[in-house]
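Enquirer: Here it is, the structure, as structure tokens.
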Amino acid sequence: MPAFPAMPTRAGAGAAVAGAAVVAVLSATLVLYGPPLDAVLNRAFPLHTARSVTDMEAALQLVRNVVPPLAACKHKGQAGRIGVVGGCPEYTGAPYFAAISALKVGADLSHVFSTQDAAAVIKSYSPELIVHPVLDSPSAVQDVEKWLPRLHALVVGPGLGRDDVLLENVKGILEASKARGMPVVIDADGLWLVAQQPALIQGYRKAVLTPNHVEFSRLAEAVLGDPLDGGDRSRAVLRLSRALGNVTVVQKGEQDVISDGEQALTCSQEGSGRRCGGQGDLLSGSLGVLAHWALLAGPEKTSGSSPLLVAAFGACALTRQCARQAFQKHGRATTTTDMIREIGPAFSRLFETSAGADGGVAPTGELCL
């Protein structure tokens, strides 16, 4: 026997007739007096994708607001002096990626505080980095602490490893940084340390944590007692941030979710399907610079939003744009080195260009008066 569609109920039929009548009236009215019906309905009931695009553009504009313009009258150091704490014999690439990314985003000086065995290797990657072979020294905390007055932000964790001596030294460095009120970005094995001792950053609102999926679950279990591996990522990140005393948390993933415990942002900037090691180091290094700029600019430049929330959004968008541009050129062979080469063009495209009369773009700048 052939199947037939179910007959609508009387209430359902009545609702359908009423709805059709409303649409017909709106259509007739708009043909005479206004814009097309689909435009009105899209404004009244915006699609999720349209709303995401609008929110993305608004957030990108907040990042643009905190980027200091280039000017010939500035001196070395004004645009940022960033320190990266990490690097051991097994992991020398990560601190290099973070430190060189900070320079390419716009910091003037980039320091790496690594173990003695790793220092020469890291230095060999680039003559532009200042490398201190002190992290495994008995006086490591004092050796790093004397440099803190010269730095604007710290990135802690790239290539750190989990050696107990190193972790204990980093604990002391974090305490010294907090005492100075420095912004601190914590990634990789720095997050392992925080998961073991959440009190290290509890309530320190100048800290930004950048966990991936596994690291986020570990932190959530340590702080809240469960891994928060649910479908509502925004709520999960918001909960973890609040539990840590409104520390800014960036959960990296297919889309990056960022929260300071009061707001939650989703960065849906298009990236790539390539997931090579080192992308998180690019993000943490660029975030160190943007955090300094955003705190310097203040909430008046971020429309009242947390400066660190805006900085984190900017770093996520930039990393994704670098990945996209590198993937378009190299495809499956893309590595983080290829992404770092894209930092300048990607930064300009997202944050530092304005449409010209011929439809092109031109970098912004500032005259010295």
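Labeling convention for the structure tokens: chains A, B, ... as they appear, residues from 1 per chain, ligands from 1 in order of appearance.
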With the cut-off set at 9 Å and counting only C-alpha atoms, tabulate each residue of segment 256-341 of chain A with an atom at most that distance from an atom of segment 171-185 of chain A, showing the nearest atom pair and its distance in Å to one decimal, ordered by chain and increasing number, as a tab-separated table.
Expert:
```
residue	atom	partner	partner_atom	distance
A:Ser284	CA	A:Val185	CA	6.6
A:Gly285	CA	A:Val185	CA	8.4
A:Leu287	CA	A:Val185	CA	7.3
A:Gly288	CA	A:Val185	CA	6.3
A:Ala291	CA	A:Pro183	CA	6.9
A:His292	CA	A:Pro183	CA	7.1
A:Leu295	CA	A:Pro183	CA	8.6
A:Leu308	CA	A:Pro183	CA	8.8
```
Enquirer: Would you mind writing down, as a ChimeraX atom specification, each residue of segment 53-228 of chain A that DSSP on the backbone assigns to alpha helix (DSSP H)?
Expert: /A:53-66,93-105,116-125,140-145,164-180,189-196,213-224
Enquirer: So which residues touch Arg205 of chain A within 8 Å, counting only C-alpha atoms, skipping near sequence neighbours fewer than 6 positions away, as a PyMOL selection string?
Expert: chain A and resi 245-248
Enquirer: Output the selection as a CSV table (one decimal), in the first residue's frame - C-alpha atoms for each residue.
Expert:
```csv
chain,number,residue,atom,x,y,z
A,245,GLY,CA,39.1,33.6,39.1
A,246,ASN,CA,38.5,35.1,35.7
A,247,VAL,CA,41.8,34.1,34.2
A,248,THR,CA,41.5,34.3,30.4
```
Enquirer: Tell me, in Å to one decimal, how far atom CA of Ala99 of chain A is from atom CA of Ser124 of chain A.
Expert: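 Spanning atom CA of Ala99 of chain A to atom CA of Ser124 of chain A is a straight-line distance of 13.3 Å.
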Enquirer: Need the shell around segment 67-77 of chain A: protein/DNA/RNA residues with any atom at most 12 Å away, counting only C-alpha atoms. Skip same-chain ones fewer than 2 positions apart. Format as a PyMOL selection string?
Expert: chain A and resi 60-65+79-82+103+105-110+150-152+289-298+301-302+307+310-311+314+347-348+350-353+363-369
Enquirer: Show which residues sit within 9 Å of Ala98 of chain A, as a PDB file with N, CA and C atoms, in the first residue's frame. Count only C-alpha atoms, and ignore same-chain residues fewer than 5 positions away.
Expert:
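Just written: around.pdb:
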```
ATOM      1  N   VAL A  84      60.361  34.595  26.492  1.00  0.00           N
ATOM      2  CA  VAL A  84      59.823  33.243  26.352  1.00  0.00           C
ATOM      3  C   VAL A  84      60.582  32.341  27.323  1.00  0.00           C
ATOM      4  N   GLY A  93      62.673  23.711  19.135  1.00  0.00           N
ATOM      5  CA  GLY A  93      61.909  24.419  18.109  1.00  0.00           C
ATOM      6  C   GLY A  93      60.820  25.293  18.678  1.00  0.00           C
ATOM      7  N   LEU A 103      58.574  38.590  17.411  1.00  0.00           N
ATOM      8  CA  LEU A 103      59.298  39.606  16.652  1.00  0.00           C
ATOM      9  C   LEU A 103      58.562  39.968  15.366  1.00  0.00           C
ATOM     10  N   VAL A 155      55.935  34.648  27.946  1.00  0.00           N
ATOM     11  CA  VAL A 155      55.276  33.462  27.392  1.00  0.00           C
ATOM     12  C   VAL A 155      55.954  32.264  28.047  1.00  0.00           C
ATOM     13  N   PRO A 158      56.593  26.978  26.113  1.00  0.00           N
ATOM     14  CA  PRO A 158      57.021  26.337  24.859  1.00  0.00           C
ATOM     15  C   PRO A 158      58.341  25.587  25.015  1.00  0.00           C
ATOM     16  N   GLY A 278      53.739  23.044  16.365  1.00  0.00           N
ATOM     17  CA  GLY A 278      54.316  24.390  16.383  1.00  0.00           C
ATOM     18  C   GLY A 278      53.329  25.515  16.191  1.00  0.00           C
ATOM     19  N   GLY A 280      50.684  26.200  17.876  1.00  0.00           N
ATOM     20  CA  GLY A 280      50.368  26.801  19.166  1.00  0.00           C
ATOM     21  C   GLY A 280      51.461  27.732  19.656  1.00  0.00           C
ATOM     22  N   ASP A 281      52.707  27.470  19.259  1.00  0.00           N
ATOM     23  CA  ASP A 281      53.812  28.358  19.641  1.00  0.00           C
ATOM     24  C   ASP A 281      53.707  29.690  18.913  1.00  0.00           C
ATOM     25  N   LEU A 282      53.293  29.644  17.653  1.00  0.00           N
ATOM     26  CA  LEU A 282      53.042  30.886  16.912  1.00  0.00           C
ATOM     27  C   LEU A 282      51.969  31.702  17.616  1.00  0.00           C
ATOM     28  N   LEU A 283      50.902  31.013  18.048  1.00  0.00           N
ATOM     29  CA  LEU A 283      49.809  31.708  18.733  1.00  0.00           C
ATOM     30  C   LEU A 283      50.286  32.324  20.046  1.00  0.00           C
ATOM     31  N   SER A 284      51.022  31.562  20.853  1.00  0.00           N
ATOM     32  CA  SER A 284      51.426  32.084  22.168  1.00  0.00           C
ATOM     33  C   SER A 284      52.414  33.237  22.030  1.00  0.00           C
ATOM     34  N   GLY A 285      53.333  33.151  21.063  1.00  0.00           N
ATOM     35  CA  GLY A 285      54.274  34.245  20.869  1.00  0.00           C
ATOM     36  C   GLY A 285      53.604  35.520  20.409  1.00  0.00           C
ATOM     37  N   SER A 286      52.684  35.403  19.458  1.00  0.00           N
ATOM     38  CA  SER A 286      51.964  36.592  18.987  1.00  0.00           C
ATOM     39  C   SER A 286      51.045  37.133  20.071  1.00  0.00           C
TER      40      SER A 286
END
```
Enquirer: Measuring atom to atom with only C-alpha atoms, identify which of A:Leu318, A:Leu240, A:Ala326, A:Leu309 is nearest to Ser268 of chain A.
Expert: A:Leu318
Enquirer: Considering only C-alpha atoms, return as number ranges by chain whatever protein or nucleic-acid residues lie within 8 Å of Val194 of chain A, sequence-local ones (same chain, fewer than 6 positions apart) excluded.
Expert: A: 200-201, 219
Enquirer: My list of candidates is A:Ser234, A:Phe97, A:Ile130, A:Glu90. Which is closest to Gly277 of chain A when distances are computed with only C-alpha atoms?
Expert: A:Phe97
Enquirer: Mind pulling up the distance from atom CA of Glu215 of chain A to atom CA of Leu135 of chain A?
Expert: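 Computing it gives 23.3 Å between the two atoms.
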Enquirer: Calculate how many Å separate atom CA of Gln116 of chain A from atom CA of His132 of chain A, rounding to one decimal.
Expert: 8.0 Å
Enquirer: As a ChimeraX atom specification, please: the residues near Ala323 of chain A (cut-off 6 Å, only C-alpha atoms, same-chain neighbours under 4 positions excluded).
Expert: /A:271-272,327,339
Enquirer: As a compact mmCIF listing (two decimals) with C-alpha atoms, in the first residue's frame, please: all residues of segment 234-296 of chain A that backbone DSSP puts in strand (DSSP E or B).
Expert:
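Final output, saved to selection-v7.txt:
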```txt
# COMPACT_ATOMS: atom_id res chain seq x y z
CA THR A 248 41.47 34.35 30.37
CA VAL A 249 41.26 30.90 28.75
CA VAL A 250 41.69 30.12 25.05
CA GLN A 251 40.53 26.63 24.10
CA ASP A 256 38.89 28.79 19.10
CA VAL A 257 36.75 29.64 22.13
CA ILE A 258 37.96 32.43 24.41
CA SER A 259 36.56 33.59 27.74
CA ALA A 264 32.92 34.29 25.58
CA LEU A 265 34.14 34.82 22.01
CA THR A 266 34.44 32.30 19.21
CA CYS A 267 37.11 32.83 16.58
```
